[in-house]
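One file, model_35.txt, is given below (compact mmCIF, C-alpha atoms and all ligand atoms).
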```
# COMPACT_ATOMS: atom_id res chain seq x y z
CA MET F 17 95.90 94.77 88.96
CA PRO F 18 96.12 93.50 92.55
CA VAL F 19 93.10 91.95 94.22
CA ASP F 20 91.92 92.73 97.74
CA LYS F 21 92.17 89.34 99.46
CA ILE F 22 89.43 90.22 101.89
CA CYS F 23 86.55 91.26 99.64
CA GLY F 24 87.82 90.20 96.21
CA MET F 25 87.72 93.67 94.67
CA LYS F 26 90.41 94.82 92.27
CA VAL F 27 92.44 97.67 93.72
CA LYS F 28 94.96 100.14 92.36
CA GLU F 29 98.55 99.77 93.45
CA ASP F 30 98.62 103.37 94.62
CA THR F 31 96.00 102.70 97.30
CA PRO F 32 97.04 103.94 100.74
CA TYR F 33 95.72 100.68 102.17
CA LYS F 34 98.40 98.05 101.91
CA SER F 35 100.27 95.61 104.12
CA GLN F 36 103.53 93.74 103.87
CA PHE F 37 103.44 90.08 104.82
CA GLN F 38 106.07 87.39 104.20
CA GLY F 39 107.85 89.65 101.74
CA LYS F 40 104.76 90.35 99.67
CA THR F 41 102.63 93.45 99.44
CA PHE F 42 98.87 93.08 99.76
CA TYR F 43 96.50 95.81 98.63
CA PHE F 44 93.09 96.68 100.01
CA CYS F 45 90.11 98.82 99.03
CA SER F 46 89.58 100.29 102.47
CA ALA F 47 90.97 100.63 105.98
CA GLY F 48 88.45 98.01 107.11
CA CYS F 49 89.76 95.35 104.72
CA LYS F 50 93.36 96.14 105.68
CA GLU F 51 92.44 95.81 109.35
CA THR F 52 90.78 92.44 108.76
CA PHE F 53 93.89 91.23 106.94
CA ASP F 54 96.25 92.56 109.60
CA LYS F 55 94.36 90.68 112.32
CA ASN F 56 95.01 87.36 110.63
CA PRO F 57 97.44 87.73 107.71
CA LEU F 58 98.38 84.07 107.66
CA LYS F 59 94.84 82.94 106.98
CA ASN F 60 93.90 85.85 104.71
CA SER F 61 96.96 85.82 102.47
CA ARG F 62 96.03 82.43 100.98
ZN ZN O 101 88.07 95.32 100.31
```
Hey, can you dump this file as structure tokens for me?
Ligand SMILES: [Zn+2]
Amino acid sequence: MPVDKICGMKVKEDTPYKSQFQGKTFYFCSAGCKETFDKNPLKNSR
């Protein structure tokens, strides 16, 4: 199960909140977490 890099929650892969970065897909629990990631994906993808 993927983990939301912003808040650490486990998320389902069918979430509507996801982003592509450097060829990987990142999943989020909410629009807010996705937005935070999208503002600084380089920092938040680590
Ligand atoms: Zn989250």
Enumerate as a VMD selection string the residues within 9 Å of ligand ZN 101 (chain O), counting all atoms listed in the file.
chain F and resid 19 to 27 43 to 50
Contact residues around Arg62 (chain F) with all atoms listed in the file at 12 Å, ignoring same-chain residues under 3 positions, as a list in words:
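Near neighbours after the sequence-gap exclusion: Asp20, Lys21, Ile22, Phe37, Gln38, Lys40, Phe42, Phe53, Asn56, Pro57, Leu58 and Lys59 of chain F.
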Dig up all the protein and nucleic acid residues within 10 Å of (97.3, 99.0, 87.2) in the file frame, using all atoms listed in the file, and format them as an MDAnalysis selection string.
chainID F and resid 17:18 26:30
Take region 19-52 of chain F, model N, CA and C atoms, and hand the result over as an mmCIF file, keeping the file's coordinate frame.
```cif
data_model
loop_
_atom_site.group_PDB
_atom_site.id
_atom_site.type_symbol
_atom_site.label_atom_id
_atom_site.label_comp_id
_atom_site.auth_asym_id
_atom_site.auth_seq_id
_atom_site.Cartn_x
_atom_site.Cartn_y
_atom_site.Cartn_z
ATOM 1 N N VAL F 19 94.441 92.239 93.713
ATOM 2 C CA VAL F 19 93.100 91.950 94.220
ATOM 3 C C VAL F 19 93.121 92.025 95.753
ATOM 4 N N ASP F 20 92.139 92.670 96.293
ATOM 5 C CA ASP F 20 91.920 92.730 97.740
ATOM 6 C C ASP F 20 91.547 91.323 98.208
ATOM 7 N N LYS F 21 92.406 90.729 99.042
ATOM 8 C CA LYS F 21 92.170 89.340 99.460
ATOM 9 C C LYS F 21 90.964 89.201 100.368
ATOM 10 N N ILE F 22 90.535 90.294 100.938
ATOM 11 C CA ILE F 22 89.430 90.220 101.890
ATOM 12 C C ILE F 22 88.084 90.219 101.172
ATOM 13 N N CYS F 23 87.874 91.150 100.265
ATOM 14 C CA CYS F 23 86.550 91.260 99.640
ATOM 15 C C CYS F 23 86.562 90.873 98.160
ATOM 16 N N GLY F 24 87.754 90.658 97.586
ATOM 17 C CA GLY F 24 87.820 90.200 96.210
ATOM 18 C C GLY F 24 87.799 91.302 95.164
ATOM 19 N N MET F 25 87.732 92.548 95.609
ATOM 20 C CA MET F 25 87.720 93.670 94.670
ATOM 21 C C MET F 25 89.106 93.905 94.077
ATOM 22 N N LYS F 26 89.137 94.393 92.848
ATOM 23 C CA LYS F 26 90.410 94.820 92.270
ATOM 24 C C LYS F 26 90.755 96.202 92.822
ATOM 25 N N VAL F 27 92.018 96.383 93.156
ATOM 26 C CA VAL F 27 92.440 97.670 93.720
ATOM 27 C C VAL F 27 93.659 98.206 92.973
ATOM 28 N N LYS F 28 93.792 99.525 92.985
ATOM 29 C CA LYS F 28 94.960 100.140 92.360
ATOM 30 C C LYS F 28 96.169 100.017 93.288
ATOM 31 N N GLU F 29 97.337 99.914 92.642
ATOM 32 C CA GLU F 29 98.550 99.770 93.450
ATOM 33 C C GLU F 29 98.907 101.026 94.229
ATOM 34 N N ASP F 30 98.314 102.148 93.868
ATOM 35 C CA ASP F 30 98.620 103.370 94.620
ATOM 36 C C ASP F 30 97.654 103.598 95.786
ATOM 37 N N THR F 31 96.871 102.579 96.135
ATOM 38 C CA THR F 31 96.000 102.700 97.300
ATOM 39 C C THR F 31 96.825 102.955 98.562
ATOM 40 N N PRO F 32 96.314 103.761 99.471
ATOM 41 C CA PRO F 32 97.040 103.940 100.740
ATOM 42 C C PRO F 32 96.879 102.744 101.671
ATOM 43 N N TYR F 33 95.975 101.830 101.302
ATOM 44 C CA TYR F 33 95.720 100.680 102.170
ATOM 45 C C TYR F 33 96.487 99.477 101.677
ATOM 46 N N LYS F 34 97.636 99.237 102.283
ATOM 47 C CA LYS F 34 98.400 98.050 101.910
ATOM 48 C C LYS F 34 99.187 97.530 103.097
ATOM 49 N N SER F 35 99.526 96.259 103.046
ATOM 50 C CA SER F 35 100.270 95.610 104.120
ATOM 51 C C SER F 35 101.362 94.744 103.523
ATOM 52 N N GLN F 36 102.450 94.653 104.251
ATOM 53 C CA GLN F 36 103.530 93.740 103.870
ATOM 54 C C GLN F 36 103.375 92.478 104.715
ATOM 55 N N PHE F 37 103.476 91.334 104.073
ATOM 56 C CA PHE F 37 103.440 90.080 104.820
ATOM 57 C C PHE F 37 104.261 89.048 104.073
ATOM 58 N N GLN F 38 105.193 88.414 104.787
ATOM 59 C CA GLN F 38 106.070 87.390 104.200
ATOM 60 C C GLN F 38 106.693 87.860 102.893
ATOM 61 N N GLY F 39 107.139 89.116 102.902
ATOM 62 C CA GLY F 39 107.850 89.650 101.740
ATOM 63 C C GLY F 39 106.975 90.064 100.574
ATOM 64 N N LYS F 40 105.664 89.942 100.740
ATOM 65 C CA LYS F 40 104.760 90.350 99.670
ATOM 66 C C LYS F 40 103.945 91.560 100.112
ATOM 67 N N THR F 41 103.502 92.326 99.134
ATOM 68 C CA THR F 41 102.630 93.450 99.440
ATOM 69 C C THR F 41 101.200 93.088 99.075
ATOM 70 N N PHE F 42 100.298 93.325 99.997
ATOM 71 C CA PHE F 42 98.870 93.080 99.760
ATOM 72 C C PHE F 42 98.141 94.412 99.754
ATOM 73 N N TYR F 43 97.210 94.543 98.820
ATOM 74 C CA TYR F 43 96.500 95.810 98.630
ATOM 75 C C TYR F 43 95.034 95.655 99.005
ATOM 76 N N PHE F 44 94.482 96.724 99.553
ATOM 77 C CA PHE F 44 93.090 96.680 100.010
ATOM 78 C C PHE F 44 92.308 97.888 99.544
ATOM 79 N N CYS F 45 90.970 97.738 99.513
ATOM 80 C CA CYS F 45 90.110 98.820 99.030
ATOM 81 C C CYS F 45 89.807 99.823 100.120
ATOM 82 N N SER F 46 89.981 99.415 101.370
ATOM 83 C CA SER F 46 89.580 100.290 102.470
ATOM 84 C C SER F 46 90.368 99.959 103.727
ATOM 85 N N ALA F 47 90.299 100.874 104.699
ATOM 86 C CA ALA F 47 90.970 100.630 105.980
ATOM 87 C C ALA F 47 90.390 99.392 106.656
ATOM 88 N N GLY F 48 89.096 99.161 106.486
ATOM 89 C CA GLY F 48 88.450 98.010 107.110
ATOM 90 C C GLY F 48 89.010 96.687 106.607
ATOM 91 N N CYS F 49 89.206 96.583 105.283
ATOM 92 C CA CYS F 49 89.760 95.350 104.720
ATOM 93 C C CYS F 49 91.204 95.158 105.167
ATOM 94 N N LYS F 50 91.974 96.235 105.216
ATOM 95 C CA LYS F 50 93.360 96.140 105.680
ATOM 96 C C LYS F 50 93.401 95.656 107.128
ATOM 97 N N GLU F 51 92.496 96.179 107.937
ATOM 98 C CA GLU F 51 92.440 95.810 109.350
ATOM 99 C C GLU F 51 92.114 94.317 109.494
ATOM 100 N N THR F 52 91.151 93.860 108.714
ATOM 101 C CA THR F 52 90.780 92.440 108.760
ATOM 102 C C THR F 52 91.978 91.570 108.385
#
```
